[in-house]
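Enquirer: My questions will all concern the structure given below.
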Amino acid sequence: MAQGFLTRSLCKIGGVDLMGCSINSVGVFCGSASGVGDVFASQAGSLGAHLGHQQLSLVYGGGRVGLMGAVADGCLSHGGQVTGVMPRTLVDKEIAHPHLTQLIIVSDMHERKAKMATMADAFIVLPGGTGTMEEFFEQWTWGQIGYHRKPIALLNVAGFFDPLLTMIDQMVAQGFLSAQYRDMLLCASDIKTILSKLSEYEHPPEKGYAQI
């Protein structure tokens, strides 16, 4: 767990002064495709720009295409530090971003996720496909069982996550997910709101095995 996140200090994220925030790096999970229309790539670039402007390091999957490339380019264009983490097999397919601050090459997808989880103080999830969802659910689950105490948020661009949130609410309604773990999942459609929520996050008690 990143100790800096627990520091009680005044900081400024996304133009808003906040207490209790010392997030230095943000892990972003997002698609290697751009999606339909321009809205998803535009918001990914804007998120990266906000992180760079606020001197928050970006940790992501290392790609140069789709939303991955857009968020990295946005951060780099505003002076941000960007670390990509990518398995060798994907680097060899020439989809790695060529202008990153740092590219960490790992052996497989499991090592990639573990490395990103270690390096990031908080997580933001952008729209994406099955890989993005897998990364998101793993980090959310790890938070529930106490592997980490870092906040995780969905940036709900154009209502992309609305069906997923409905399904998650169904999990609560049918007794498969505790309401406190639903509440630990942050969500907003506005970047400044997302960053504010990350800074104000309070982690709930971890699950006992009977609750899993």
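Residues are referred to by chain and number: the chain letter is A, B, ... according to the order shown in the structure tokens, the number counts from 1 in that chain, and ligands are numbered separately from 1 in the order shown.
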Write out as a PDB file with C-alpha atoms, in the first residue's frame all residues of chain A that DSSP puts in strand (DSSP E or B) for this structure's backbone.
Expert:
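Below is the file states_33.pdb, written as the result:
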```pdb
ATOM      1  CA  CYS A  11      -3.403  19.482  -1.957  1.00  0.00           C
ATOM      2  CA  LYS A  12      -4.917  20.610  -5.214  1.00  0.00           C
ATOM      3  CA  ILE A  13      -6.344  18.176  -7.753  1.00  0.00           C
ATOM      4  CA  VAL A  16     -10.141  21.896  -6.336  1.00  0.00           C
ATOM      5  CA  ASP A  17      -8.417  22.251  -2.945  1.00  0.00           C
ATOM      6  CA  LEU A  18      -8.843  19.086  -0.903  1.00  0.00           C
ATOM      7  CA  SER A  25       0.338   8.250  -9.127  1.00  0.00           C
ATOM      8  CA  VAL A  26      -2.866   7.072 -10.788  1.00  0.00           C
ATOM      9  CA  GLY A  27      -3.295   3.733 -12.534  1.00  0.00           C
ATOM     10  CA  VAL A  28      -5.626   3.944 -15.518  1.00  0.00           C
ATOM     11  CA  PHE A  29      -7.328   0.929 -17.082  1.00  0.00           C
ATOM     12  CA  SER A  57       2.099  10.331 -12.576  1.00  0.00           C
ATOM     13  CA  LEU A  58       0.180   8.042 -14.922  1.00  0.00           C
ATOM     14  CA  VAL A  59       0.630   4.275 -14.751  1.00  0.00           C
ATOM     15  CA  TYR A  60      -1.083   2.368 -17.556  1.00  0.00           C
ATOM     16  CA  GLY A  63      -0.045   1.057 -25.514  1.00  0.00           C
ATOM     17  CA  VAL A  82       3.961   8.306 -17.784  1.00  0.00           C
ATOM     18  CA  THR A  83       4.944   4.729 -16.999  1.00  0.00           C
ATOM     19  CA  GLY A  84       3.741   1.940 -19.245  1.00  0.00           C
ATOM     20  CA  VAL A  85       3.716  -1.701 -18.170  1.00  0.00           C
ATOM     21  CA  MET A  86       3.513  -4.220 -21.003  1.00  0.00           C
ATOM     22  CA  PRO A  87       4.208  -7.924 -21.570  1.00  0.00           C
ATOM     23  CA  ALA A  96       4.061   0.003 -27.262  1.00  0.00           C
ATOM     24  CA  GLN A 102       9.386   4.687 -18.701  1.00  0.00           C
ATOM     25  CA  LEU A 103       8.322   1.393 -20.270  1.00  0.00           C
ATOM     26  CA  ILE A 104       8.486  -1.612 -17.951  1.00  0.00           C
ATOM     27  CA  ILE A 105       8.520  -4.906 -19.831  1.00  0.00           C
ATOM     28  CA  VAL A 106       7.122  -7.877 -17.920  1.00  0.00           C
ATOM     29  CA  ALA A 122      -5.371   5.055  -6.938  1.00  0.00           C
ATOM     30  CA  PHE A 123      -7.166   3.675  -9.999  1.00  0.00           C
ATOM     31  CA  ILE A 124      -9.425   5.171 -12.661  1.00  0.00           C
ATOM     32  CA  VAL A 125     -11.268   2.985 -15.151  1.00  0.00           C
ATOM     33  CA  ILE A 152     -10.957   2.869  -7.568  1.00  0.00           C
ATOM     34  CA  ALA A 153     -13.276   4.941  -9.733  1.00  0.00           C
ATOM     35  CA  LEU A 154     -15.216   4.564 -12.967  1.00  0.00           C
ATOM     36  CA  LEU A 155     -15.088   7.557 -15.313  1.00  0.00           C
ATOM     37  CA  LEU A 185     -16.739   1.869  -5.954  1.00  0.00           C
ATOM     38  CA  LEU A 186     -16.561   5.516  -6.995  1.00  0.00           C
ATOM     39  CA  CYS A 187     -18.204   6.800 -10.151  1.00  0.00           C
ATOM     40  CA  ALA A 188     -18.717  10.119 -11.940  1.00  0.00           C
TER      41      ALA A 188
END
```
Enquirer: If we count only C-alpha atoms and set the cut-off at 6 Å, which residues sit around segment 52-56 of chain A, ignoring sequence neighbours fewer than 5 positions away in its own chain? Please answer as a list in words.
Expert: Asn24, Ser25, Cys75, His78, Gly79 and Gly80 of chain A
Enquirer: Can you write just those residues out, all heavy atoms, as a compact mmCIF listing (two decimals), in the first residue's frame?
Expert:
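Full text of selection_20.txt as output:
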```txt
# COMPACT_ATOMS: atom_id res chain seq x y z
N ASN A 24 0.05 10.41 -5.55
CA ASN A 24 1.12 10.81 -6.44
C ASN A 24 1.06 10.14 -7.80
O ASN A 24 1.59 10.66 -8.77
CB ASN A 24 2.47 10.50 -5.79
CG ASN A 24 2.66 11.26 -4.49
OD1 ASN A 24 2.53 12.48 -4.46
ND2 ASN A 24 2.95 10.55 -3.41
N SER A 25 0.43 8.98 -7.87
CA SER A 25 0.34 8.25 -9.13
C SER A 25 -1.04 7.63 -9.27
O SER A 25 -1.63 7.17 -8.29
CB SER A 25 1.42 7.17 -9.21
OG SER A 25 1.26 6.24 -8.15
N CYS A 75 -1.36 13.16 -21.01
CA CYS A 75 -0.50 13.39 -19.85
C CYS A 75 0.87 13.91 -20.27
O CYS A 75 1.39 14.88 -19.71
CB CYS A 75 -0.37 12.09 -19.05
SG CYS A 75 0.42 12.28 -17.44
N HIS A 78 1.19 17.57 -21.25
CA HIS A 78 1.12 18.54 -20.16
C HIS A 78 2.23 18.31 -19.13
O HIS A 78 2.09 18.65 -17.96
CB HIS A 78 -0.26 18.48 -19.50
CG HIS A 78 -1.33 19.14 -20.31
ND1 HIS A 78 -1.84 18.58 -21.48
CD2 HIS A 78 -1.96 20.34 -20.16
CE1 HIS A 78 -2.75 19.39 -21.98
NE2 HIS A 78 -2.84 20.45 -21.21
N GLY A 79 3.32 17.74 -19.59
CA GLY A 79 4.50 17.60 -18.74
C GLY A 79 4.45 16.49 -17.73
O GLY A 79 5.26 16.47 -16.79
N GLY A 80 3.51 15.56 -17.89
CA GLY A 80 3.36 14.50 -16.91
C GLY A 80 4.34 13.35 -17.11
O GLY A 80 4.91 13.17 -18.18
```
Enquirer: In Å, with one decimal, what is the gap from atom CA of Leu165 of chain A to atom CA of Tyr147 of chain A?
Expert: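 A separation of 23.2 Å between them.
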Enquirer: Where in segment 51-86 of chain A does DSSP assign helix (DSSP H, G or I), given as a PyMOL selection string?
Expert: chain A and resi 51-53+66-76
Enquirer: Between A:Leu198, A:Val39, A:His203, A:Gly48, which one has atoms that come closest to Gly146 of chain A, using only C-alpha atoms?
Expert: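 The closest residue to Gly146 of chain A is A:His203.
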Enquirer: In Å to one decimal, how far is atom CA of His99 of chain A from atom CA of Asn156 of chain A?
Expert: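 Answer for the atom CA of Asn156 of chain A to atom CA of His99 of chain A separation: 27.8 Å.
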